[in-house]
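J.: Could you have a look at this structure, given as structure tokens, before my questions?
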Amino acid sequence: MTFDAESLTTALDLRTLGERFYLKTLDQISPKGMVDPSLLPGWSRIHVAMHVVHNAEGFMRLLEWARTGVENPMYPSREARDREIEESVAHTGGEDAIAIAHEVVEELDEAFAAMSESDWSNRVVSGRGDDIVAAEIPWLRTREVFIHALDLGIGATALDFPASIVDRLFDDIAPIWEKKGVTTHYELEFLDRDEHRTIRTGAAKDDGDSTEPVIVAGEAAEVLSYLMGRGWPRSTADDRRKGIRGGTAQDLPAPPAWL
């Protein structure tokens, strides 16, 4: 990946916007409410908060790697990451989890500010094992905080996202499914835009594939929310909660796992 100063500045600005969105959402939860279930199966809101904290710490390690050239993995392993989250949840109350969330954002601010222009082109390995340049880290963090703000389960939805975030997240969906090796075929109809999109991954990309697409219609942010596995962000059911396969309306099938 190549980058320029303008695109990096944009990514850093979006990351700041994302942190504010996430913290604003988190701050609406009372300390007692932090022990309530999140939208992620088996996780409380404290789980989500501590995962986002440790994600920031992991990115700080990658930024240090980029600055110094000394290898410093984001996590020792996925298993170690999961254990760290569980241990933090066991020893952190709701009030402390909220306070730590704010503190780590300030620390991450300092880590980003310490990067020189040349540091951003240095290569590191992401938490998912991808070889990336450091300039990709601001967007990866932005994606993390916007998505997990929804997972806190207080009513924030993708409809609250800026259009620029919706567009960037759409661009990430197919490549992540491709890497996972899953087959998808969606025809997306955006009711708030003069735009349609097609997503085909895996076997559905073959010329001879006859898989009928699932047609999903709704506002762009609604469709994005569904594809990310975060549900349909409307309080009442309507026709836009339906997919179409072979010309027949039906309940939308669950999309493949994404992040």
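In the structure tokens, chains take letters A, B, ... by order of appearance, with residues numbered from 1 within each chain and ligands from 1 in the order shown.
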What's the 9 Å shell around segment 115-130 of chain A, counting only C-alpha atoms, without same-chain residues fewer than 5 positions away, as a ChimeraX atom specification?
T.: /A:1-3,5,8,55,58-59,62-69,71-75,77-78,135-137
J.: Atoms to include: C-alpha atoms. Write the selected residues as a short mmCIF file (atom, residue, chain, number, x, y, z; two decimals), in the first residue's frame.
T.:
```cif
data_model
loop_
_atom_site.label_atom_id
_atom_site.label_comp_id
_atom_site.auth_asym_id
_atom_site.auth_seq_id
_atom_site.Cartn_x
_atom_site.Cartn_y
_atom_site.Cartn_z
CA MET A 1 0.00 0.00 0.00
CA THR A 2 1.21 3.49 -0.79
CA PHE A 3 0.08 6.62 0.99
CA ALA A 5 0.32 13.11 3.32
CA LEU A 8 -2.77 10.03 6.03
CA ASN A 55 -6.76 -2.96 20.96
CA GLY A 58 -1.80 -3.30 20.66
CA PHE A 59 -1.72 -0.52 18.09
CA LEU A 62 2.81 -1.57 16.37
CA LEU A 63 3.52 2.16 16.24
CA GLU A 64 6.58 1.61 18.44
CA TRP A 65 7.69 -1.16 16.06
CA ALA A 66 7.32 1.23 13.13
CA ARG A 67 9.28 3.96 14.93
CA THR A 68 12.13 1.84 16.26
CA GLY A 69 12.38 -1.07 13.86
CA GLU A 71 9.63 -6.12 16.28
CA ASN A 72 6.78 -5.67 18.76
CA PRO A 73 3.69 -7.74 17.85
CA MET A 74 0.23 -6.39 18.46
CA TYR A 75 -0.57 -9.50 20.54
CA SER A 77 -1.31 -14.65 20.01
CA ARG A 78 -5.09 -14.51 19.60
CA ALA A 135 -0.05 4.31 7.66
CA GLU A 136 -2.87 1.75 7.69
CA ILE A 137 -3.10 1.76 11.50
#
```
J.: Quick check for you: according to DSSP on this backbone, which residues of segment 121-219 of chain A are classed as helix (DSSP H, G or I)? Reply as a PyMOL selection string.
T.: chain A and resi 121+134-151+158-160+163-180+202-205
J.: Any chance you could export the current selection's C-alpha atoms as a CSV table (one decimal), in the first residue's frame?
T.:
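The new file result_26.csv reads:
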```csv
chain,number,residue,atom,x,y,z
A,121,SER,CA,6.0,3.8,5.5
A,134,ALA,CA,2.1,1.8,9.6
A,135,ALA,CA,0.0,4.3,7.7
A,136,GLU,CA,-2.9,1.8,7.7
A,137,ILE,CA,-3.1,1.8,11.5
A,138,PRO,CA,-5.2,4.9,11.8
A,139,TRP,CA,-8.0,3.4,9.7
A,140,LEU,CA,-7.8,0.0,11.4
A,141,ARG,CA,-8.3,1.8,14.8
A,142,THR,CA,-11.1,3.9,13.3
A,143,ARG,CA,-13.0,0.8,12.1
A,144,GLU,CA,-12.6,-0.8,15.5
A,145,VAL,CA,-14.1,2.0,17.6
A,146,PHE,CA,-17.0,2.8,15.3
A,147,ILE,CA,-18.1,-0.9,15.1
A,148,HIS,CA,-17.7,-1.6,18.8
A,149,ALA,CA,-19.6,1.6,19.7
A,150,LEU,CA,-22.6,-0.3,18.3
A,151,ASP,CA,-21.7,-3.4,20.2
A,158,ALA,CA,-24.7,2.7,11.7
A,159,LEU,CA,-27.3,5.3,10.8
A,160,ASP,CA,-25.3,7.5,13.2
A,163,ALA,CA,-21.2,8.9,5.2
A,164,SER,CA,-17.4,8.8,4.8
A,165,ILE,CA,-17.2,6.0,7.4
A,166,VAL,CA,-20.0,4.1,5.8
A,167,ASP,CA,-18.2,4.2,2.4
A,168,ARG,CA,-14.9,3.1,3.9
A,169,LEU,CA,-16.5,0.2,5.8
A,170,PHE,CA,-18.2,-1.0,2.6
A,171,ASP,CA,-14.9,-1.1,0.9
A,172,ASP,CA,-13.5,-3.4,3.6
A,173,ILE,CA,-16.3,-6.0,3.6
A,174,ALA,CA,-15.5,-8.0,0.4
A,175,PRO,CA,-11.7,-8.2,1.0
A,176,ILE,CA,-12.2,-9.6,4.5
A,177,TRP,CA,-14.7,-12.2,3.3
A,178,GLU,CA,-12.3,-13.1,0.5
A,179,LYS,CA,-9.5,-13.7,3.0
A,180,LYS,CA,-11.8,-15.9,5.1
A,202,GLY,CA,-15.4,-17.0,-3.2
A,203,ALA,CA,-17.0,-19.4,-5.7
A,204,ALA,CA,-19.6,-16.8,-6.5
A,205,LYS,CA,-16.9,-14.9,-8.5
```
J.: So that I can see what lies close to Glu189 of chain A, please list as a list in words the residues with an atom at most 12 Å from it, counting only C-alpha atoms and leaving out residues fewer than 3 positions away in the same chain.
T.: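 Counting only the stated atoms, we get Tyr186, Asp192, Arg193, Asp194, Glu195, His196, Arg197, Thr198, Ile199, Val214, Ile215, Val216, Ala217, Gly218, Glu219, Ala220, Ala221, Glu222, Val223, Leu224, Arg240, Lys242, Gly243 and Ile244 of chain A.
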J.: Calculated over only C-alpha atoms, which of the candidates A:Leu191, A:Val89, A:Met60, A:Leu259 has the smallest distance to Ala114 of chain A?
T.: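 Of all the options, A:Met60 lies closest to Ala114 of chain A.
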J.: From the list A:Ala257, A:His47, A:Thr25, A:Lys32, which residue is nearest Gly155 of chain A when using only C-alpha atoms?
T.: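 Counting only C-alpha atoms, the residue closest to Gly155 of chain A is A:Thr25.
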J.: Write out as a JSON list (two decimals) with N, CA and C atoms, in the first residue's frame the residues lying within 12 Å of Ser88 of chain A, counting only C-alpha atoms and excluding same-chain residues fewer than 2 positions away.
T.:
```
[["chain", "number", "residue", "atom", "x", "y", "z"],
["A", 46, "ILE", "N", -18.42, -4.42, 29.71],
["A", 46, "ILE", "CA", -17.03, -4.31, 30.17],
["A", 46, "ILE", "C", -16.10, -5.10, 29.25],
["A", 47, "HIS", "N", -16.56, -6.26, 28.78],
["A", 47, "HIS", "CA", -15.76, -7.02, 27.82],
["A", 47, "HIS", "C", -15.44, -6.16, 26.60],
["A", 48, "VAL", "N", -16.48, -5.52, 26.06],
["A", 48, "VAL", "CA", -16.27, -4.69, 24.88],
["A", 48, "VAL", "C", -15.29, -3.56, 25.18],
["A", 49, "ALA", "N", -15.50, -2.89, 26.31],
["A", 49, "ALA", "CA", -14.65, -1.75, 26.67],
["A", 49, "ALA", "C", -13.19, -2.18, 26.84],
["A", 50, "MET", "N", -12.97, -3.29, 27.51],
["A", 50, "MET", "CA", -11.59, -3.72, 27.74],
["A", 50, "MET", "C", -10.96, -4.26, 26.45],
["A", 51, "HIS", "N", -11.75, -4.85, 25.58],
["A", 51, "HIS", "CA", -11.22, -5.24, 24.28],
["A", 51, "HIS", "C", -10.75, -4.01, 23.51],
["A", 52, "VAL", "N", -11.54, -2.95, 23.52],
["A", 52, "VAL", "CA", -11.16, -1.73, 22.80],
["A", 52, "VAL", "C", -9.92, -1.11, 23.44],
["A", 53, "VAL", "N", -9.81, -1.18, 24.76],
["A", 53, "VAL", "CA", -8.60, -0.68, 25.45],
["A", 53, "VAL", "C", -7.38, -1.47, 24.99],
["A", 54, "HIS", "N", -7.47, -2.79, 25.03],
["A", 54, "HIS", "CA", -6.31, -3.61, 24.67],
["A", 54, "HIS", "C", -6.00, -3.50, 23.18],
["A", 81, "ARG", "N", -4.50, -12.71, 23.63],
["A", 81, "ARG", "CA", -5.38, -11.55, 23.61],
["A", 81, "ARG", "C", -6.68, -11.84, 24.34],
["A", 82, "ASP", "N", -7.28, -12.99, 24.04],
["A", 82, "ASP", "CA", -8.55, -13.35, 24.67],
["A", 82, "ASP", "C", -8.41, -13.52, 26.18],
["A", 83, "ARG", "N", -7.30, -14.12, 26.61],
["A", 83, "ARG", "CA", -7.06, -14.28, 28.05],
["A", 83, "ARG", "C", -6.91, -12.92, 28.72],
["A", 84, "GLU", "N", -6.21, -12.01, 28.06],
["A", 84, "GLU", "CA", -6.00, -10.68, 28.63],
["A", 84, "GLU", "C", -7.34, -9.96, 28.83],
["A", 85, "ILE", "N", -8.24, -10.10, 27.88],
["A", 85, "ILE", "CA", -9.55, -9.47, 28.00],
["A", 85, "ILE", "C", -10.29, -10.05, 29.21],
["A", 86, "GLU", "N", -10.32, -11.37, 29.32],
["A", 86, "GLU", "CA", -11.04, -12.02, 30.41],
["A", 86, "GLU", "C", -10.45, -11.64, 31.76],
["A", 90, "ALA", "N", -12.34, -9.52, 34.82],
["A", 90, "ALA", "CA", -12.45, -10.07, 36.16],
["A", 90, "ALA", "C", -11.97, -9.11, 37.24],
["A", 91, "HIS", "N", -11.12, -8.15, 36.86],
["A", 91, "HIS", "CA", -10.53, -7.25, 37.86],
["A", 91, "HIS", "C", -10.88, -5.78, 37.64],
["A", 92, "THR", "N", -11.84, -5.50, 36.77],
["A", 92, "THR", "CA", -12.16, -4.11, 36.45],
["A", 92, "THR", "C", -13.65, -3.86, 36.61],
["A", 93, "GLY", "N", -14.01, -2.87, 37.41],
["A", 93, "GLY", "CA", -15.40, -2.48, 37.55],
["A", 93, "GLY", "C", -15.82, -1.54, 36.45],
["A", 94, "GLY", "N", -17.12, -1.26, 36.40],
["A", 94, "GLY", "CA", -17.65, -0.43, 35.33],
["A", 94, "GLY", "C", -17.07, 0.98, 35.31],
["A", 96, "ASP", "N", -14.17, 2.03, 36.51],
["A", 96, "ASP", "CA", -12.77, 2.00, 36.08],
["A", 96, "ASP", "C", -12.64, 1.71, 34.60],
["A", 97, "ALA", "N", -13.50, 0.86, 34.06],
["A", 97, "ALA", "CA", -13.43, 0.54, 32.63],
["A", 97, "ALA", "C", -13.66, 1.78, 31.78],
["A", 100, "ILE", "N", -10.50, 4.07, 32.18],
["A", 100, "ILE", "CA", -9.36, 3.53, 31.45],
["A", 100, "ILE", "C", -9.53, 3.76, 29.95]]
```
J.: Could you check which of A:Val104, A:Ile154, A:Leu12, A:Leu252 is closest to Lys24 of chain A, using only C-alpha atoms?
T.: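 The answer is A:Ile154, which sits nearest to Lys24 of chain A.
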J.: Between A:Phe161, A:Glu87, A:Ser225, A:Leu152, single out the one closest to Leu14 of chain A, counting only C-alpha atoms.
T.: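 Among A:Phe161, A:Glu87, A:Ser225, A:Leu152, it is A:Phe161 that comes nearest to Leu14 of chain A.
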J.: Under the rule that only C-alpha atoms are counted, which of A:Pro256, A:Pro76, A:Pro41, A:Pro213 is the nearest residue to Gly153 of chain A?
T.: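 Under the stated criterion, the closest residue is A:Pro41.
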